[in-house]
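Peer 1: Before anything else, here's the structure in question.
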Amino acid sequence: MRKHYILAVTMACATLSLAVAAWRTDAQRGDPPRQTSAPLGSALPGLTDDQKALFKDGLQKFSSVESQEDGLGPVFNGTTCAECHKAGAIGGAGVDLTISRVTRIGGMKNRVYTDLAEFGGPVLQARSLREFDTSCPINGEVVPSQANFVSLRITTPLFGAGLIEAIPAETILSRTKQADADGVLGVANVQINPETGKREVGRFGWKAQHSSLHRFSGDAYLNEMGITSSLFPDENLPQGRPIPPEWQTTPDFDDNDKDVDSFANFMRLLAPPGRLLPLTPQVQDGERIFNQIRCSACHVPSMQTGANPIAALSKQTVPLYSDLLVHRMGRNLADGIQQGLAQGHQFRTAPLWGISRRRFFLHDGRANNLEEAILNHGGEANASRDRFARLHERDKAALRAFLNSL
């Protein structure tokens with residue numbers, strides 16, 4: 001009897017392992033991807049020679065290792081952009097949660113949300129210059145007791161970011177006015193851009209907290225590498241405490257501003273991920289199911305860019321599978337962190353293009369495969385999630401094939 005029980009358990013575990021493995025992406029399985037466009041990490045097709053030069057310079061700066069002389073630290077999370085953005089190619093998502101996942105904190109003070117800047121927030125830097133000089137009295141930051149909310153965030157991929165930036169604000173805003181039978185109602189994270197003084201629609205970051213690649217770059221330069229610029233001139237204070245004078249550096253804003261521009265150029269001119277081959281009948285059936293269970297209510301298959309001075313970005317179809325709005329995702333995914341108009345339970349619809357090259361899913365990387373990611377959805381996605389859960393395994397296999405083609 002015991003032998004039969006052990007055999008049954010062994011067979012069940014093997015079946016479960018096969019099912020989970022089938023939901024892993026090509027990148028997780030180690031399968032070589034075959035795609036329909038330029039290789040990952042390439043420049044947009046159709047660039048001028050000058051634009052190609054800007055892309056090449058941006059790639060070089062994006063990949064360069066920063067030092068204390070460059071302004072690194074005194075606390076930081078990485079020494080180069082490419083350290084965290086490298087899944088598939090430079091510019092991709094993270095490949096290691098111990099490196100490419102950061103901690104963001106927030107709290108409440110007199111019933112008002114605060115970034116806890118006086119305690120090291122909103123982004124904690126886990127590393128310090130002590131790595132290179134043991135005489136440095138500054139250690140990496142830890143979560144303070146004052147933090148009411150703690151959120152882990154994984155690195156987002158940057159492929160096709162310039163096309164996302166080139167989508168007109170009115171195109172994104174038009175999605176907020178559509179009545180939906182499932183109660184899907186996205187909100188644009190509209191904020192004042194300090195550079196322009198104008199209200200702009202956010203589209204980058206886990207809560208669409210940045211409207212432009214320029215500010216997205218400057219923010220990352222400060223919060224991930226500790227390097228200030230004209231955009232973000234105030235040094236991160238380790239755990240909110242003053243930096244000892246001997247460990248302060250005089251920032252060269254001219255050089256740092258050029259680096260921020262270079263990072264933005266690289267992302268703006270970076271080609272999107274192409275569809276993987278072959279596009280079989282099963283893949284096409286999976287796309288039908290994707291629409292049928294209404295994943296496409298938020299993961300909008302495509303949008304159009306407007307007129308743009310860069311011809312390669314002008315009036316292009318962008319198959320990003322996102323509406324770039326923030327949505328209520330339920331208590332399970334809520335992290336309590338507020339960014340702009342995005343509340344603690346709201347997140348930007350993650351673009352699905354290139355998802356087959358991802359290793360981890362959801363904002364904190366908690367999901368190791370696509371089925372886990374889907375089943376963790378809640379809030380406005382409840383109806384779609386439940387429709388997915390009721391699918392026959394044959395239909396789930398088709399949906400899996402479709403997602404693995406992106």
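The chains in the structure tokens are called A, B, ... from first to last as shown; in each chain the residues are counted from 1, and the ligands are counted from 1 in the order shown.
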Within 12 Å of segment 332-354 of chain A, which residues of segment 249-288 of chain A come that close, and what is the closest atom pair and distance in Å for each? Count only C-alpha atoms and give it as a Markdown table.
Peer 2:
| residue | atom | partner | partner_atom | distance |
| --- | --- | --- | --- | --- |
| A:Ala271 | CA | A:Gly354 | CA | 11.3 |
| A:Pro272 | CA | A:Trp353 | CA | 8.0 |
| A:Pro273 | CA | A:Gly354 | CA | 5.3 |
| A:Gly274 | CA | A:Gly354 | CA | 7.3 |
| A:Arg275 | CA | A:Gly354 | CA | 7.7 |
| A:Leu276 | CA | A:Gly354 | CA | 9.0 |
Peer 1: Using N, CA and C atoms, can you export the residues from the last selection as an mmCIF file, in the first residue's frame?
Peer 2:
data_model
loop_
_atom_site.group_PDB
_atom_site.id
_atom_site.type_symbol
_atom_site.label_atom_id
_atom_site.label_comp_id
_atom_site.auth_asym_id
_atom_site.auth_seq_id
_atom_site.Cartn_x
_atom_site.Cartn_y
_atom_site.Cartn_z
ATOM 1 N N ALA A 271 15.438 49.623 -29.803
ATOM 2 C CA ALA A 271 14.378 48.927 -30.549
ATOM 3 C C ALA A 271 13.482 48.124 -29.615
ATOM 4 N N PRO A 272 12.227 47.950 -29.979
ATOM 5 C CA PRO A 272 11.323 47.122 -29.170
ATOM 6 C C PRO A 272 11.623 45.650 -29.369
ATOM 7 N N PRO A 273 11.130 44.786 -28.478
ATOM 8 C CA PRO A 273 11.306 43.344 -28.682
ATOM 9 C C PRO A 273 10.373 42.861 -29.777
ATOM 10 N N GLY A 274 10.879 42.020 -30.668
ATOM 11 C CA GLY A 274 10.041 41.490 -31.743
ATOM 12 C C GLY A 274 9.299 40.247 -31.298
ATOM 13 N N ARG A 275 8.266 39.879 -32.050
ATOM 14 C CA ARG A 275 7.539 38.644 -31.787
ATOM 15 C C ARG A 275 8.428 37.458 -32.093
ATOM 16 N N LEU A 276 8.282 36.402 -31.299
ATOM 17 C CA LEU A 276 9.051 35.191 -31.533
ATOM 18 C C LEU A 276 8.344 34.294 -32.541
#
Peer 1: Run DSSP on the backbone of this structure and report the residues of segment 87-311 of chain A it assigns to helix (DSSP H, G or I), as a PyMOL selection string.
Peer 2: chain A and resi 117-119+129-131+161-165+169-177+213-225+238-240+245-247+253-268+281-292+295-297+311
Peer 1: Out of segment 88-272 of chain A, which residues get strand (DSSP E or B) from DSSP, as a tab-separated table (two decimals) with C-alpha atoms, in the first residue's frame?
Peer 2:
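Saved to out.tsv:
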chain	number	residue	atom	x	y	z
A	101	ARG	CA	15.43	44.25	-6.78
A	102	VAL	CA	15.31	47.38	-4.64
A	103	THR	CA	13.35	48.41	-1.57
A	104	ARG	CA	10.96	51.34	-1.53
A	105	ILE	CA	9.43	52.60	1.71
A	106	GLY	CA	6.66	54.94	2.77
A	107	GLY	CA	4.74	55.91	5.88
A	108	MET	CA	1.95	57.95	7.37
A	109	LYS	CA	2.43	61.14	9.37
A	112	VAL	CA	-0.79	62.06	5.41
A	113	TYR	CA	1.42	59.86	3.23
A	114	THR	CA	5.17	60.57	3.36
A	123	VAL	CA	14.22	54.30	-2.18
A	124	LEU	CA	16.71	52.56	0.08
A	127	ARG	CA	25.27	49.35	-0.74
A	128	SER	CA	27.85	51.99	0.15
A	149	PHE	CA	4.92	50.32	3.93
A	150	VAL	CA	7.77	48.33	2.41
A	151	SER	CA	7.75	47.34	-1.24
A	152	LEU	CA	10.27	45.33	-3.23
A	153	ARG	CA	10.58	46.44	-6.86
A	154	ILE	CA	12.27	44.55	-9.69
A	187	VAL	CA	-6.46	56.12	-14.21
A	190	VAL	CA	-0.90	62.88	-14.31
A	191	GLN	CA	1.75	65.05	-12.64
A	192	ILE	CA	3.45	68.41	-13.00
A	193	ASN	CA	6.79	68.07	-14.78
A	198	LYS	CA	3.09	71.40	-17.44
A	199	ARG	CA	0.78	68.56	-16.45
A	200	GLU	CA	2.01	65.40	-18.15
A	201	VAL	CA	0.80	61.80	-18.30
A	204	PHE	CA	7.33	54.85	-16.96
A	210	HIS	CA	7.50	59.39	-14.76
A	270	LEU	CA	16.33	51.28	-28.30
Peer 1: Do you know which residues are at most 8 Å from Val95 of chain A counting only C-alpha atoms, after dropping those on the same chain fewer than 4 positions away, and could you put them as a PyMOL selection string?
Peer 2: chain A and resi 84+86-87+100+359
Peer 1: How would the residues just chosen look if you wrote them out with N, CA, C and O atoms as an mmCIF file, in the first residue's frame?
Peer 2:
data_model
loop_
_atom_site.group_PDB
_atom_site.id
_atom_site.type_symbol
_atom_site.label_atom_id
_atom_site.label_comp_id
_atom_site.auth_asym_id
_atom_site.auth_seq_id
_atom_site.Cartn_x
_atom_site.Cartn_y
_atom_site.Cartn_z
ATOM 1 N N CYS A 84 21.799 46.039 -13.652
ATOM 2 C CA CYS A 84 20.444 45.554 -13.378
ATOM 3 C C CYS A 84 19.614 45.366 -14.649
ATOM 4 O O CYS A 84 18.679 44.577 -14.655
ATOM 5 N N LYS A 86 19.798 43.838 -17.889
ATOM 6 C CA LYS A 86 20.584 43.021 -18.813
ATOM 7 C C LYS A 86 19.931 41.706 -19.246
ATOM 8 O O LYS A 86 20.563 40.910 -19.953
ATOM 9 N N ALA A 87 18.688 41.446 -18.876
ATOM 10 C CA ALA A 87 18.042 40.210 -19.312
ATOM 11 C C ALA A 87 17.824 40.241 -20.819
ATOM 12 O O ALA A 87 17.141 41.109 -21.338
ATOM 13 N N SER A 100 18.923 42.978 -8.769
ATOM 14 C CA SER A 100 18.028 43.866 -9.521
ATOM 15 C C SER A 100 16.685 44.091 -8.840
ATOM 16 O O SER A 100 15.694 44.381 -9.489
ATOM 17 N N ARG A 359 12.364 36.695 -16.438
ATOM 18 C CA ARG A 359 12.569 35.580 -15.513
ATOM 19 C C ARG A 359 11.664 35.660 -14.289
ATOM 20 O O ARG A 359 11.395 34.650 -13.648
#
Peer 1: Find the nearest atom pair between each residue of segment 200-293 of chain A and segment 59-73 of chain A for residues within 7 Å, count only C-alpha atoms, give distances in Å to one decimal, sort rows by chain and ascending number, and present the table as a tab-separated table.
Peer 2:
residue	atom	partner	partner_atom	distance
A:Met225	CA	A:Leu72	CA	5.7
A:Gly226	CA	A:Gly73	CA	4.5
A:Ile227	CA	A:Gly71	CA	5.3
A:Thr249	CA	A:Gly71	CA	6.4
A:Pro251	CA	A:Gly71	CA	6.4
A:Asp259	CA	A:Lys61	CA	6.7
A:Ser262	CA	A:Lys61	CA	6.7
A:Phe263	CA	A:Phe62	CA	5.8
A:Phe266	CA	A:Leu59	CA	5.7
Peer 1: With a distance cut-off of 8 Å and only C-alpha atoms, select the neighbouring residues of Ile310 of chain A, excluding the residue or stretch itself and same-chain residues fewer than 3 positions from it, and output the selection as a list in words.
Peer 2: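 In the requested format, the answer is Leu47, Leu313 and Ser314 of chain A.
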Peer 1: At most 12 Å is the cut-off: for each residue in segment 345-396 of chain A with any atom that close to an atom of segment 282-306 of chain A, write down the nearest atom pair and the distance in Å rounded to one decimal, counting only C-alpha atoms, chain first then increasing number, as CSV.
Peer 2:
residue,atom,partner,partner_atom,distance
A:Phe347,CA,A:Cys298,CA,11.3
A:Arg348,CA,A:Cys298,CA,9.4
A:Thr349,CA,A:Cys298,CA,6.4
A:Ala350,CA,A:His299,CA,7.6
A:Pro351,CA,A:His299,CA,7.0
A:Leu352,CA,A:His299,CA,7.4
A:Trp353,CA,A:Pro301,CA,9.2
A:Ile374,CA,A:Cys295,CA,9.6
A:His377,CA,A:Cys295,CA,10.8
A:Glu380,CA,A:Cys298,CA,9.3
A:Ala381,CA,A:Cys295,CA,7.9
A:Asn382,CA,A:Cys295,CA,10.5
A:Ala383,CA,A:Ile293,CA,8.2
A:Ser384,CA,A:Ile293,CA,5.4
A:Arg385,CA,A:Ile293,CA,8.2
A:Asp386,CA,A:Ile293,CA,8.8
A:Arg387,CA,A:Ile293,CA,5.8
A:Phe388,CA,A:Ile293,CA,6.7
A:Ala389,CA,A:Ile293,CA,10.2
A:Arg390,CA,A:Ile293,CA,10.1
A:Leu391,CA,A:Ile293,CA,9.3
A:His392,CA,A:Ile289,CA,11.1
A:Glu393,CA,A:Gly286,CA,11.8
A:Arg394,CA,A:Gln282,CA,9.7
A:Asp395,CA,A:Gly286,CA,7.0
A:Lys396,CA,A:Gly286,CA,7.8
Peer 1: Skip Ala311 of chain A itself and residues of its chain fewer than 6 positions away, then list as a ChimeraX atom specification all residues within 10 Å of it, counting only C-alpha atoms.
Peer 2: /A:45-48
Peer 1: Using only all heavy atoms, please write the residues we just selected to a file, as a PDB file, in the first residue's frame.
Peer 2:
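Final file, out.pdb:
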ATOM      1  N   PRO A  45      15.275  50.555 -36.087  1.00  0.00           N
ATOM      2  CA  PRO A  45      15.564  50.637 -37.524  1.00  0.00           C
ATOM      3  C   PRO A  45      15.166  51.999 -38.067  1.00  0.00           C
ATOM      4  O   PRO A  45      14.236  52.634 -37.561  1.00  0.00           O
ATOM      5  CB  PRO A  45      14.702  49.520 -38.122  1.00  0.00           C
ATOM      6  CG  PRO A  45      13.611  49.299 -37.131  1.00  0.00           C
ATOM      7  CD  PRO A  45      14.196  49.597 -35.781  1.00  0.00           C
ATOM      8  N   GLY A  46      15.892  52.456 -39.068  1.00  0.00           N
ATOM      9  CA  GLY A  46      15.533  53.704 -39.730  1.00  0.00           C
ATOM     10  C   GLY A  46      16.132  54.950 -39.109  1.00  0.00           C
ATOM     11  O   GLY A  46      15.708  56.066 -39.441  1.00  0.00           O
ATOM     12  N   LEU A  47      17.122  54.803 -38.210  1.00  0.00           N
ATOM     13  CA  LEU A  47      17.764  55.974 -37.618  1.00  0.00           C
ATOM     14  C   LEU A  47      18.747  56.610 -38.593  1.00  0.00           C
ATOM     15  O   LEU A  47      19.336  55.934 -39.444  1.00  0.00           O
ATOM     16  CB  LEU A  47      18.510  55.588 -36.330  1.00  0.00           C
ATOM     17  CG  LEU A  47      17.689  55.054 -35.161  1.00  0.00           C
ATOM     18  CD1 LEU A  47      18.604  54.733 -33.988  1.00  0.00           C
ATOM     19  CD2 LEU A  47      16.605  56.045 -34.745  1.00  0.00           C
ATOM     20  N   THR A  48      18.957  57.898 -38.443  1.00  0.00           N
ATOM     21  CA  THR A  48      19.980  58.596 -39.221  1.00  0.00           C
ATOM     22  C   THR A  48      21.349  58.271 -38.627  1.00  0.00           C
ATOM     23  O   THR A  48      21.459  57.714 -37.525  1.00  0.00           O
ATOM     24  CB  THR A  48      19.765  60.111 -39.176  1.00  0.00           C
ATOM     25  OG1 THR A  48      19.958  60.558 -37.823  1.00  0.00           O
ATOM     26  CG2 THR A  48      18.361  60.488 -39.641  1.00  0.00           C
TER      27      THR A  48
END
Peer 1: Record the distance separating atom CA of Ile138 of chain A and atom CA of Asp254 of chain A, expressed in Å with one decimal.
Peer 2: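 According to the coordinates, atom CA of Ile138 of chain A and atom CA of Asp254 of chain A are separated by 26.9 Å.
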Peer 1: Which residue gives the smallest distance to Pro122 of chain A among A:Glu372, A:Asp364, A:Glu141, A:Glu246, with only C-alpha atoms counted?
Peer 2: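 Closest candidate: A:Glu141.
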